[in-house]
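Q: Next comes start_4.cif, mmCIF, C-alpha atoms:
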```cif
data_final
#
loop_
_atom_site.label_atom_id
_atom_site.label_comp_id
_atom_site.auth_asym_id
_atom_site.auth_seq_id
_atom_site.Cartn_x
_atom_site.Cartn_y
_atom_site.Cartn_z
CA MET A 1 16.38 29.73 -6.00
CA GLY A 2 17.15 30.68 -9.58
CA ILE A 3 19.40 33.36 -11.03
CA THR A 4 17.85 35.09 -13.99
CA ALA A 5 19.65 35.65 -17.29
CA ARG A 6 20.31 39.22 -16.20
CA GLY A 7 21.82 37.97 -12.95
CA VAL A 8 24.03 35.45 -14.75
CA GLY A 9 25.27 38.16 -17.08
CA LEU A 10 26.06 40.52 -14.23
CA LEU A 11 27.84 37.78 -12.27
CA VAL A 12 29.99 36.90 -15.29
CA ALA A 13 30.75 40.59 -15.81
CA ALA A 14 31.79 40.92 -12.14
CA VAL A 15 34.22 38.00 -12.45
CA VAL A 16 35.69 39.37 -15.70
CA LEU A 17 36.02 42.92 -14.38
CA LEU A 18 37.68 41.75 -11.16
CA GLY A 19 40.08 39.50 -13.09
CA VAL A 20 41.05 42.17 -15.59
CA GLY A 21 41.29 44.88 -12.93
CA PHE A 22 43.63 42.87 -10.69
CA ARG A 23 45.63 41.47 -13.60
CA TYR A 24 46.35 44.76 -15.31
CA ALA A 25 46.08 47.03 -12.26
CA TYR A 26 42.97 48.95 -13.34
CA PRO A 27 41.31 50.12 -10.10
CA GLU A 28 38.28 51.43 -11.99
CA LEU A 29 37.53 47.99 -13.40
CA THR A 30 38.07 46.45 -9.97
CA VAL A 31 35.55 48.88 -8.44
CA LEU A 32 33.00 48.05 -11.13
CA GLY A 33 33.54 44.30 -10.56
CA VAL A 34 33.07 44.71 -6.81
CA ALA A 35 29.89 46.74 -7.39
CA ALA A 36 28.52 44.06 -9.71
CA GLY A 37 29.34 41.34 -7.16
CA VAL A 38 27.70 43.31 -4.36
CA ALA A 39 24.58 43.77 -6.49
CA VAL A 40 24.32 40.02 -7.06
CA GLY A 41 24.89 39.33 -3.34
CA TYR A 42 22.21 41.88 -2.38
CA ALA A 43 19.81 40.23 -4.84
CA LEU A 44 20.44 36.82 -3.27
CA VAL A 45 19.80 38.13 0.25
CA THR A 46 16.67 40.02 -0.81
CA ALA A 47 15.13 37.09 -2.66
CA ALA A 48 15.98 34.65 0.15
CA TRP A 49 13.78 36.56 2.58
CA ARG A 50 10.68 34.46 3.10
CA PRO A 51 7.42 36.41 3.21
CA ARG A 52 4.98 35.30 5.90
CA LEU A 53 1.74 34.50 4.14
CA ALA A 54 -1.36 32.68 5.37
CA VAL A 55 -3.28 30.92 2.61
CA GLU A 56 -6.86 29.69 2.91
CA ARG A 57 -8.87 27.92 0.22
CA VAL A 58 -12.60 27.29 0.19
CA ALA A 59 -14.25 25.32 -2.61
CA ASP A 60 -17.76 26.53 -3.46
CA PRO A 61 -18.89 23.77 -3.62
CA ASP A 62 -16.28 21.03 -3.25
CA ARG A 63 -18.49 18.37 -4.88
CA VAL A 64 -20.42 18.96 -8.08
CA ALA A 65 -21.85 16.96 -10.94
CA ARG A 66 -20.10 17.11 -14.27
CA GLY A 67 -20.89 20.37 -16.05
CA GLU A 68 -22.18 22.18 -12.96
CA PRO A 69 -20.43 25.41 -11.90
CA ALA A 70 -17.83 25.34 -9.14
CA ALA A 71 -15.49 28.02 -7.85
CA MET A 72 -12.47 28.31 -5.61
CA VAL A 73 -12.15 31.21 -3.18
CA LEU A 74 -8.50 31.91 -2.30
CA THR A 75 -7.60 34.27 0.54
CA VAL A 76 -3.98 35.33 1.08
CA ARG A 77 -3.02 37.35 4.18
CA ASN A 78 0.30 39.02 4.89
CA THR A 79 1.06 38.03 8.50
CA GLY A 80 4.54 39.57 8.51
CA ARG A 81 5.63 43.01 9.68
CA LEU A 82 7.45 44.07 6.54
CA ARG A 83 5.89 44.93 3.22
CA ALA A 84 5.91 41.96 0.85
CA ALA A 85 6.65 43.90 -2.31
CA ASN A 86 7.64 42.48 -5.71
CA LEU A 87 5.70 39.24 -5.24
CA VAL A 88 4.33 37.32 -8.20
CA ALA A 89 1.85 34.56 -7.32
CA GLU A 90 -0.17 31.99 -9.24
CA ASP A 91 -2.46 29.23 -8.08
CA ARG A 92 -2.52 25.86 -9.79
CA CYS A 93 -5.99 24.65 -10.74
CA GLY A 94 -5.90 21.30 -12.46
CA GLY A 95 -3.66 21.78 -15.48
CA ARG A 96 -3.74 25.59 -15.62
CA LEU A 97 -2.27 28.47 -13.65
CA VAL A 98 -4.38 31.30 -12.22
CA PRO A 99 -2.62 34.63 -11.49
CA VAL A 100 -3.08 36.01 -7.97
CA PRO A 101 -2.39 39.73 -7.35
CA LEU A 102 -0.02 40.12 -4.38
CA LEU A 103 2.05 43.16 -5.32
CA ARG A 104 2.55 45.54 -2.36
CA LEU A 105 0.36 43.52 -0.01
CA ARG A 106 0.64 45.45 3.25
CA PRO A 107 1.17 43.79 6.66
CA GLY A 108 -2.08 42.56 8.19
CA ARG A 109 -3.95 42.95 4.91
CA ASP A 110 -5.37 40.21 2.74
CA THR A 111 -6.49 39.75 -0.81
CA GLU A 112 -9.20 37.45 -2.11
CA VAL A 113 -9.41 35.83 -5.51
CA ARG A 114 -12.36 33.85 -6.81
CA TYR A 115 -12.04 31.86 -10.00
CA PRO A 116 -13.97 29.03 -11.67
CA VAL A 117 -12.88 25.41 -11.44
CA PRO A 118 -13.19 23.40 -14.67
CA THR A 119 -15.91 20.74 -14.36
CA HIS A 120 -16.32 19.72 -17.99
CA ARG A 121 -14.72 16.36 -17.20
CA ARG A 122 -15.41 13.87 -14.43
CA GLY A 123 -12.54 13.51 -12.00
CA VAL A 124 -10.79 14.98 -8.99
CA VAL A 125 -9.44 18.46 -9.74
CA PRO A 126 -6.51 19.35 -7.45
CA VAL A 127 -6.31 23.07 -6.63
CA GLY A 128 -3.07 24.42 -5.19
CA PRO A 129 -0.59 24.94 -3.81
CA LEU A 130 -0.06 28.68 -4.25
CA ARG A 131 3.27 29.38 -5.93
CA VAL A 132 4.78 32.69 -4.79
CA THR A 133 7.83 34.05 -6.60
CA ARG A 134 9.93 36.77 -4.95
CA ARG A 135 12.31 38.86 -7.04
CA ASP A 136 14.88 41.46 -6.10
CA PRO A 137 14.36 45.06 -7.36
CA LEU A 138 16.97 44.58 -10.10
CA GLY A 139 15.48 41.31 -11.36
CA LEU A 140 18.70 39.35 -10.85
CA VAL A 141 17.36 36.50 -8.68
CA ALA A 142 13.91 34.85 -8.47
CA LEU A 143 12.90 32.45 -5.70
CA ALA A 144 9.65 30.44 -5.86
CA ARG A 145 7.96 28.89 -2.81
CA ALA A 146 4.76 26.93 -2.29
CA TYR A 147 2.14 28.03 0.25
CA GLY A 148 -0.94 26.21 1.48
CA ASP A 149 -2.13 22.66 1.02
CA PRO A 150 -3.92 21.62 -2.17
CA VAL A 151 -7.69 21.21 -1.98
CA PRO A 152 -9.52 18.69 -4.21
CA VAL A 153 -12.75 19.43 -6.02
CA TRP A 154 -14.73 16.26 -6.74
CA VAL A 155 -16.47 16.31 -10.11
CA HIS A 156 -19.05 13.53 -9.95
CA PRO A 157 -20.60 11.84 -12.98
CA ARG A 158 -23.92 13.20 -14.16
CA ILE A 159 -26.93 11.50 -12.58
CA HIS A 160 -29.87 10.59 -14.81
CA PRO A 161 -33.16 10.01 -12.96
CA LEU A 162 -34.38 6.41 -12.79
CA SER A 163 -38.02 5.78 -11.94
CA ALA A 164 -37.71 2.00 -11.57
CA VAL A 165 -35.68 0.20 -8.93
CA PRO A 166 -35.50 -3.55 -8.22
CA THR A 167 -38.16 -4.92 -5.88
CA GLY A 168 -37.40 -8.60 -6.39
CA ALA A 169 -36.10 -11.36 -4.18
CA GLY A 170 -34.52 -10.63 -0.85
CA ARG A 171 -31.55 -12.53 0.49
CA SER A 172 -31.56 -13.80 4.05
CA LEU A 173 -28.36 -14.23 5.99
CA ASP A 174 -29.41 -17.82 6.62
CA GLY A 175 -29.63 -18.50 2.87
CA ARG A 176 -31.09 -16.96 -0.25
CA THR A 177 -34.86 -16.84 -0.38
CA ASP A 178 -37.23 -15.91 -3.17
CA SER A 179 -39.96 -14.68 -0.86
CA VAL A 180 -39.40 -12.83 2.36
CA PRO A 181 -42.29 -11.40 4.47
CA HIS A 182 -42.29 -7.63 4.42
CA GLY A 183 -40.57 -6.15 7.45
CA SER A 184 -38.88 -9.33 8.58
CA ILE A 185 -35.83 -8.79 10.78
CA THR A 186 -32.82 -11.11 10.93
CA PHE A 187 -29.90 -11.09 13.35
CA ASP A 188 -26.71 -9.80 11.77
CA SER A 189 -23.97 -9.14 14.34
CA LEU A 190 -23.04 -7.90 17.80
CA ARG A 191 -21.43 -4.56 18.62
CA GLU A 192 -20.56 -2.49 21.68
CA TYR A 193 -23.31 -0.55 23.40
CA VAL A 194 -23.46 3.19 22.72
CA VAL A 195 -25.57 5.80 24.46
CA GLY A 196 -29.08 5.78 22.99
CA ASP A 197 -29.32 2.04 22.25
CA GLU A 198 -32.42 0.28 23.52
CA LEU A 199 -31.73 -1.96 26.50
CA ARG A 200 -34.00 -4.66 25.07
CA ARG A 201 -31.40 -5.18 22.32
CA VAL A 202 -28.62 -5.95 24.81
CA HIS A 203 -27.28 -9.49 24.49
CA TRP A 204 -26.73 -10.23 28.19
CA ARG A 205 -24.98 -13.59 27.82
CA THR A 206 -22.27 -12.16 25.53
CA SER A 207 -22.02 -9.04 27.68
CA ALA A 208 -21.28 -11.17 30.73
CA LYS A 209 -18.51 -13.01 28.85
CA VAL A 210 -16.68 -9.99 27.45
CA GLY A 211 -17.30 -7.67 30.40
CA GLU A 212 -18.94 -4.96 28.22
CA LEU A 213 -22.49 -4.32 27.12
CA MET A 214 -23.07 -5.81 23.66
CA VAL A 215 -26.17 -5.13 21.56
CA ARG A 216 -27.68 -7.05 18.64
CA GLU A 217 -27.56 -5.62 15.12
CA ASN A 218 -30.50 -6.67 12.94
CA VAL A 219 -31.15 -6.23 9.23
CA ASP A 220 -34.35 -6.09 7.21
CA THR A 221 -34.06 -9.02 4.79
CA SER A 222 -37.14 -7.99 2.82
CA LEU A 223 -35.14 -5.24 1.12
CA PRO A 224 -33.46 -6.22 -2.15
CA ARG A 225 -29.76 -5.40 -2.24
CA LEU A 226 -28.11 -4.01 -5.36
CA VAL A 227 -24.52 -4.59 -6.39
CA VAL A 228 -23.19 -2.21 -9.05
CA VAL A 229 -20.01 -3.45 -10.74
CA LEU A 230 -18.11 -0.97 -12.93
CA ASP A 231 -15.69 -2.54 -15.39
CA ASN A 232 -12.72 -0.16 -15.31
CA ARG A 233 -10.33 -2.33 -17.30
CA ALA A 234 -8.70 -0.51 -20.18
CA VAL A 235 -9.27 -3.51 -22.48
CA ALA A 236 -13.02 -3.19 -21.95
CA HIS A 237 -13.01 0.39 -23.31
CA PRO A 238 -10.67 0.37 -26.31
CA ASP A 239 -12.09 3.41 -28.13
CA ARG A 240 -10.59 6.80 -27.24
CA ASP A 241 -11.56 10.34 -28.20
CA ALA A 242 -8.85 12.86 -27.31
CA GLY A 243 -7.53 10.34 -24.80
CA VAL A 244 -10.93 9.87 -23.12
CA ALA A 245 -12.91 6.60 -23.23
CA GLU A 246 -16.49 7.84 -23.61
CA SER A 247 -17.85 4.34 -22.98
CA PHE A 248 -16.24 4.37 -19.54
CA GLU A 249 -17.60 7.86 -18.82
CA SER A 250 -21.07 6.61 -19.75
CA GLY A 251 -20.60 3.63 -17.43
CA CYS A 252 -19.72 5.98 -14.58
CA GLU A 253 -22.89 8.01 -15.23
CA ALA A 254 -24.99 4.85 -15.27
CA ALA A 255 -23.42 3.65 -12.01
CA ALA A 256 -24.10 7.02 -10.36
CA SER A 257 -27.72 6.94 -11.58
CA VAL A 258 -28.36 3.48 -10.14
CA LEU A 259 -26.70 4.42 -6.84
CA ALA A 260 -28.80 7.59 -6.56
CA ALA A 261 -32.04 5.72 -7.33
CA ALA A 262 -31.31 3.02 -4.76
CA THR A 263 -30.36 5.57 -2.12
CA ARG A 264 -33.57 7.50 -2.81
CA GLU A 265 -35.57 4.33 -2.13
CA ASP A 266 -33.48 3.46 0.96
CA LEU A 267 -32.24 0.25 -0.63
CA PRO A 268 -28.85 -1.24 0.30
CA VAL A 269 -26.37 -0.78 -2.56
CA SER A 270 -22.69 -1.51 -3.08
CA LEU A 271 -20.25 -0.21 -5.68
CA LEU A 272 -17.40 -2.40 -6.91
CA LEU A 273 -14.59 -1.85 -9.41
CA VAL A 274 -13.34 -4.80 -11.44
CA ALA A 275 -9.72 -3.61 -11.50
CA PRO A 276 -8.63 -2.26 -8.10
CA ALA A 277 -7.26 1.26 -7.98
CA ALA A 278 -3.72 1.81 -6.73
CA GLU A 279 -4.84 3.20 -3.36
CA GLU A 280 -7.82 0.91 -2.78
CA PRO A 281 -7.35 -2.72 -3.76
CA ALA A 282 -10.59 -4.25 -4.99
CA GLY A 283 -12.55 -1.54 -3.24
CA ALA A 284 -16.26 -1.15 -2.77
CA ALA A 285 -18.45 1.44 -1.17
CA ASP A 286 -22.00 1.09 0.01
CA GLY A 287 -24.74 3.63 -0.38
CA SER A 288 -24.34 5.01 3.12
CA GLY A 289 -20.91 6.39 2.29
CA SER A 290 -18.86 3.79 4.09
CA SER A 291 -16.34 1.88 2.01
CA ARG A 292 -15.12 -1.65 1.89
CA GLY A 293 -13.72 -3.91 -0.77
CA VAL A 294 -14.25 -7.33 -2.18
CA GLY A 295 -11.02 -8.07 -0.37
CA ARG A 296 -12.21 -6.18 2.74
CA ALA A 297 -9.88 -3.22 2.20
CA GLU A 298 -10.81 -0.30 4.46
CA LEU A 299 -11.18 3.17 2.97
CA PRO A 300 -11.76 6.58 4.60
CA LEU A 301 -15.39 6.98 5.60
CA SER A 302 -15.52 10.43 4.03
CA ARG A 303 -15.23 8.95 0.54
CA GLY A 304 -18.67 7.91 -0.61
CA PRO A 305 -19.52 5.99 -3.77
CA LEU A 306 -19.85 9.15 -5.88
CA ASP A 307 -16.39 10.26 -4.77
CA ARG A 308 -15.02 6.89 -5.82
CA LEU A 309 -16.71 7.23 -9.19
CA ALA A 310 -15.15 10.67 -9.60
CA ALA A 311 -11.70 9.23 -8.86
CA ALA A 312 -12.18 6.04 -10.90
CA GLU A 313 -9.70 5.56 -13.74
CA LEU A 314 -9.02 2.90 -16.31
CA ALA A 315 -6.51 0.31 -15.11
CA ASP A 316 -4.52 -2.47 -16.68
CA GLY A 317 -5.97 -5.92 -16.48
CA GLY A 318 -7.40 -8.65 -18.64
CA GLU A 319 -9.36 -11.83 -18.11
CA ASP A 320 -7.40 -12.74 -14.99
CA VAL A 321 -8.48 -9.55 -13.22
CA LEU A 322 -12.09 -10.07 -14.27
CA ARG A 323 -12.01 -13.73 -13.22
CA THR A 324 -10.69 -12.78 -9.77
CA ALA A 325 -13.37 -10.11 -9.26
CA LEU A 326 -16.20 -12.40 -10.40
CA SER A 327 -14.94 -15.22 -8.20
CA ARG A 328 -15.11 -12.99 -5.15
CA LEU A 329 -18.57 -11.77 -6.11
CA ARG A 330 -19.72 -15.38 -6.43
CA GLN A 331 -18.28 -16.39 -3.06
CA GLU A 332 -19.54 -13.42 -1.06
CA ARG A 333 -23.01 -13.02 -2.63
CA LEU A 334 -23.28 -9.35 -1.78
CA GLY A 335 -26.87 -8.95 -2.99
CA ASP A 336 -29.67 -10.30 -5.13
CA THR A 337 -29.51 -7.87 -8.09
CA LEU A 338 -26.22 -7.41 -9.95
CA VAL A 339 -25.69 -4.55 -12.40
CA PHE A 340 -22.56 -5.00 -14.51
CA LEU A 341 -21.49 -1.92 -16.52
CA THR A 342 -18.85 -2.39 -19.20
CA GLY A 343 -17.69 -1.45 -22.69
CA PRO A 344 -17.45 -3.04 -26.14
CA GLY A 345 -14.11 -4.68 -25.39
CA ALA A 346 -15.75 -6.99 -22.85
CA ARG A 347 -18.36 -8.47 -25.18
CA GLY A 348 -16.54 -11.80 -25.11
CA ASP A 349 -16.56 -11.85 -21.29
CA LEU A 350 -20.35 -11.89 -20.89
CA GLY A 351 -20.29 -15.66 -20.52
CA GLN A 352 -18.30 -15.32 -17.29
CA VAL A 353 -20.70 -12.66 -16.05
CA GLY A 354 -23.64 -14.90 -16.89
CA ALA A 355 -22.24 -17.58 -14.58
CA LEU A 356 -23.06 -15.27 -11.66
CA ARG A 357 -26.78 -15.94 -12.12
CA ARG A 358 -26.37 -18.88 -9.75
CA ALA A 359 -25.46 -16.43 -6.97
CA TYR A 360 -27.57 -13.43 -8.05
CA PRO A 361 -31.21 -13.95 -9.12
CA SER A 362 -31.15 -10.84 -11.35
CA VAL A 363 -28.16 -9.86 -13.50
CA VAL A 364 -28.33 -6.82 -15.77
CA VAL A 365 -25.47 -5.83 -18.09
CA GLY A 366 -25.06 -2.28 -19.36
CA MET A 367 -23.06 -2.28 -22.62
CA PHE A 368 -21.80 1.15 -23.71
CA GLY A 369 -20.24 2.23 -26.97
CA ALA A 370 -20.82 -1.03 -28.87
CA ALA A 371 -20.93 -0.65 -32.66
CA GLU A 372 -23.45 -3.48 -32.96
CA PRO A 373 -26.26 -4.45 -30.57
CA THR A 374 -25.55 -7.34 -28.25
CA ALA A 375 -27.46 -10.51 -28.99
CA ALA A 376 -30.69 -10.67 -27.00
CA GLY A 377 -30.48 -12.97 -24.02
CA ALA A 378 -26.73 -13.45 -24.37
CA ALA A 379 -25.55 -15.83 -21.65
CA GLY A 380 -29.04 -15.65 -20.15
CA LEU A 381 -28.56 -12.01 -19.15
CA VAL A 382 -30.62 -8.88 -19.51
CA VAL A 383 -28.38 -6.70 -21.70
CA VAL A 384 -28.98 -2.98 -22.11
CA ASP A 385 -27.17 -1.49 -25.12
CA ALA A 386 -26.78 2.26 -24.65
CA ALA A 387 -24.75 5.02 -26.22
CA ASP A 388 -24.53 7.04 -23.00
CA GLY A 389 -25.86 7.34 -19.48
CA ALA A 390 -29.10 9.07 -20.53
CA GLU A 391 -30.01 6.29 -22.95
CA PHE A 392 -29.20 3.69 -20.30
CA ALA A 393 -31.59 5.42 -17.89
CA ALA A 394 -34.36 5.35 -20.48
CA GLU A 395 -33.75 1.67 -21.25
CA TRP A 396 -33.50 0.83 -17.54
CA ASP A 397 -36.97 2.22 -16.86
CA GLY A 398 -38.30 0.05 -19.68
CA ILE A 399 -37.11 -3.22 -18.14
CA ARG A 400 -40.08 -5.22 -16.79
CA ARG A 401 -38.04 -7.76 -14.96
CA TRP A 402 -38.12 -5.90 -11.64
#
```
Mind turning the file's structure into structure tokens?
A:
Amino acid sequence: MGITARGVGLLVAAVVLLGVGFRYAYPELTVLGVAAGVAVGYALVTAAWRPRLAVERVADPDRVARGEPAAMVLTVRNTGRLRAANLVAEDRCGGRLVPVPLLRLRPGRDTEVRYPVPTHRRGVVPVGPLRVTRRDPLGLVALARAYGDPVPVWVHPRIHPLSAVPTGAGRSLDGRTDSVPHGSITFDSLREYVVGDELRRVHWRTSAKVGELMVRENVDTSLPRLVVVLDNRAVAHPDRDAGVAESFESGCEAAASVLAAATREDLPVSLLLVAPAAEEPAGAADGSGSSRGVGRAELPLSRGPLDRLAAAELADGGEDVLRTALSRLRQERLGDTLVFLTGPGARGDLGQVGALRRAYPSVVVGMFGAAEPTAAGAAGLVVVDAADGAEFAAEWDGIRRW
């Protein structure tokens, strides 16, 4: 609750009038002081009354690619019995405020506001909560309250179509192989039986031991598995334009393009960040939308890889962070094709990335924003120098290594 400048002035006048009236026995001044005090008290009581409002937000849509239109539909209903007059409301959308007309909203009525959500930058745009300010008729007191929960709008990186996807070596769970017969199936794990599973997949010996039906999970080892690693270290993207590292934005677009191409071809794909985010240490998400990390950190299933790319930010970290991430990649061998996307600040780290060729048959490095082209065959890698995500997509389709 805040007293306006007018309210402060009237309150000071009430104190002065009451003091002077009692001190010098002027009943007229005393009456004026009492009236001023009553006015301030009435303003406090009026502004303290809490209007009963129901707020509903619907994002249309809630996930878009960068630059695509998105809108927020806000519906505010007066669920109280008294008229909610003298209300000033504004909704917070990212870094700006959107006015919402609520003056003289009658009981049982609602008002709807539709306004665009800025999507010119990749990221997660928080919308809300609704800030409702109630004032007394004299404008002496203003009280602001928040209504409704904020709703995020996920602005994904732009996706550039890729016509070529890896079709190289598959990796068996029993060891890496360079040639796997098409359609071969390898045992992966056991899980509990669910309605709809084929009975021929039930592992009866294990079921007898645990007392529950357990079924075998198999994987197709003929499918190549992609691992997309996005270097989100601030030192890897030193150049800034209005506080934005365009090389990192290009890396996000390239990662989204590879993920979309692999998903289109039904190929297993994982997304990893070099520097773990604050809420997801060393996280990774596969193409199906489930999430897991290099350190096996669990994430909500609703957050797919594109959502994680939208929320990805530059983080502190140097060679130690990169060394830790590459060590885990080497130990776990998550696939057979590794795509490492980084910026000009990591040119000196390509030797460490090249050491992963012992664990991954194919290693491709996407270098964005470099002033000079990277030496061909540096550290035995396939290096794609690109200015942005579109150029990376064009260069990717030209690679004949697949």
Q: Of the candidates A:Leu306, A:Leu226, A:Leu190, A:Leu334, which shows the shortest atom-to-atom distance to Val210 (chain A), using all atoms listed in the file?
A: A:Leu190
Q: Using only C-alpha atoms, which of A:Ser207, A:Leu53, A:Pro152, A:Leu356 sits nearest Arg109 (chain A)?
A: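 Result for the nearest residue to Arg109 (chain A): A:Leu53.
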Q: Skipping near chain neighbours, those fewer than 3 positions away, what residues fall within 6 Å of Asp231 (chain A) using all atoms listed in the file, listed as a list in words?
A: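 Skipping anything fewer than 3 positions along the chain leaves Val274, Leu341 and Thr342 of chain A.
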Q: Show which residues sit within 8 Å of Val73 (chain A), as a ChimeraX atom specification. Count all atoms listed in the file, and ignore same-chain residues fewer than 3 positions away.
A: /A:57-60,112-115
Q: Return as a ChimeraX atom specification the set of residues that the PyMOL selection byres ((chain A and resi 253) around 7) yields on the displayed structure.
A: /A:157-159,249-252,254-257,389
Q: Just the number, please: distance in Å from CA of Asp91 (chain A) to CA of Pro51 (chain A), one decimal.
A: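 About the pair CA of Asp91 (chain A) and CA of Pro51 (chain A): they are 16.6 Å apart.
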Q: Mind giving me the axis-aligned box for region 128-133 of chain A with 4 Å on every side, centre plus edges in Å to one decimal, as lines of an AutoDock Vina configuration file?
A:
```
center_x = 2.4
center_y = 29.2
center_z = -5.2
size_x = 18.9
size_y = 17.6
size_z = 10.8
```
Q: Choose the residue, out of A:Leu338, A:Val195, A:Val244, A:Ala359, that has the smallest atom-to-atom separation from Glu313 (chain A); count all atoms listed in the file.
A: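 Nearest candidate to Glu313 (chain A) out of A:Leu338, A:Val195, A:Val244, A:Ala359: A:Val244.
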Q: Using only C-alpha atoms, which residues sit within 9 Å of region 1-11 of chain A once same-chain residues fewer than 3 positions away are excluded, as a PyMOL selection string?
A: chain A and resi 14-16+33+36-37+39-40+43-44+47-48+138-144
Q: Name all residues at most 12 Å from Glu198 (chain A) (count all atoms listed in the file; drop same-chain ones fewer than 3 positions away) and give them as a list in words.
A: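 The filter keeps Tyr193, Val194, Val195, Arg201, Val202, His203, Leu213, Met214, Val215, Arg216 and Glu217 of chain A.
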Q: How many Å separate CA of Arg66 (chain A) from CA of Met367 (chain A)?
A: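 Pair CA of Arg66 (chain A) / CA of Met367 (chain A) returns 21.3 Å.
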Q: What does the distance between CA of Arg122 (chain A) and CA of Ala370 (chain A) come to in Å, to one decimal place?
A: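 Separation of CA of Arg122 (chain A) and CA of Ala370 (chain A): 21.4 Å.
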Q: Could you spell out the hits of the PyMOL selection byres ((chain A and resi 92) around 6) on the shown file, as a PDB file with C-alpha atoms, in the frame of the given file?
A:
```pdb
ATOM      1  CA  ASP A  91      -2.460  29.230  -8.080  1.00  0.00           C
ATOM      2  CA  CYS A  93      -5.990  24.650 -10.740  1.00  0.00           C
ATOM      3  CA  ARG A  96      -3.740  25.590 -15.620  1.00  0.00           C
ATOM      4  CA  LEU A  97      -2.270  28.470 -13.650  1.00  0.00           C
ATOM      5  CA  VAL A 127      -6.310  23.070  -6.630  1.00  0.00           C
ATOM      6  CA  GLY A 128      -3.070  24.420  -5.190  1.00  0.00           C
TER       7      GLY A 128
END
```
Q: Any chance you could build region 314-318 of chain A out to all heavy atoms and write it as a PDB file, in the frame of the given file?
A:
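File selection07.pdb, as written:
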```pdb
ATOM      1  N   LEU A 314      -9.269   4.167 -15.633  1.00  0.00           N
ATOM      2  CA  LEU A 314      -9.020   2.900 -16.310  1.00  0.00           C
ATOM      3  C   LEU A 314      -7.703   2.298 -15.812  1.00  0.00           C
ATOM      4  O   LEU A 314      -6.732   3.024 -15.591  1.00  0.00           O
ATOM      5  CB  LEU A 314      -8.961   3.104 -17.816  1.00  0.00           C
ATOM      6  CG  LEU A 314     -10.285   3.491 -18.487  1.00  0.00           C
ATOM      7  CD1 LEU A 314     -10.070   3.746 -19.964  1.00  0.00           C
ATOM      8  CD2 LEU A 314     -11.338   2.411 -18.279  1.00  0.00           C
ATOM      9  N   ALA A 315      -7.695   0.999 -15.629  1.00  0.00           N
ATOM     10  CA  ALA A 315      -6.510   0.310 -15.110  1.00  0.00           C
ATOM     11  C   ALA A 315      -6.187  -0.875 -16.005  1.00  0.00           C
ATOM     12  O   ALA A 315      -7.031  -1.373 -16.753  1.00  0.00           O
ATOM     13  CB  ALA A 315      -6.751  -0.165 -13.664  1.00  0.00           C
ATOM     14  N   ASP A 316      -4.945  -1.300 -15.918  1.00  0.00           N
ATOM     15  CA  ASP A 316      -4.520  -2.470 -16.680  1.00  0.00           C
ATOM     16  C   ASP A 316      -5.139  -3.732 -16.090  1.00  0.00           C
ATOM     17  O   ASP A 316      -5.349  -3.835 -14.883  1.00  0.00           O
ATOM     18  CB  ASP A 316      -2.994  -2.586 -16.667  1.00  0.00           C
ATOM     19  CG  ASP A 316      -2.326  -1.416 -17.369  1.00  0.00           C
ATOM     20  OD1 ASP A 316      -2.966  -0.840 -18.274  1.00  0.00           O
ATOM     21  OD2 ASP A 316      -1.175  -1.079 -17.016  1.00  0.00           O
ATOM     22  N   GLY A 317      -5.404  -4.661 -16.943  1.00  0.00           N
ATOM     23  CA  GLY A 317      -5.970  -5.920 -16.480  1.00  0.00           C
ATOM     24  C   GLY A 317      -6.765  -6.587 -17.582  1.00  0.00           C
ATOM     25  O   GLY A 317      -7.454  -5.913 -18.359  1.00  0.00           O
ATOM     26  N   GLY A 318      -6.696  -7.888 -17.626  1.00  0.00           N
ATOM     27  CA  GLY A 318      -7.400  -8.650 -18.640  1.00  0.00           C
ATOM     28  C   GLY A 318      -8.374  -9.626 -18.023  1.00  0.00           C
ATOM     29  O   GLY A 318      -9.044  -9.332 -17.029  1.00  0.00           O
TER      30      GLY A 318
END
```
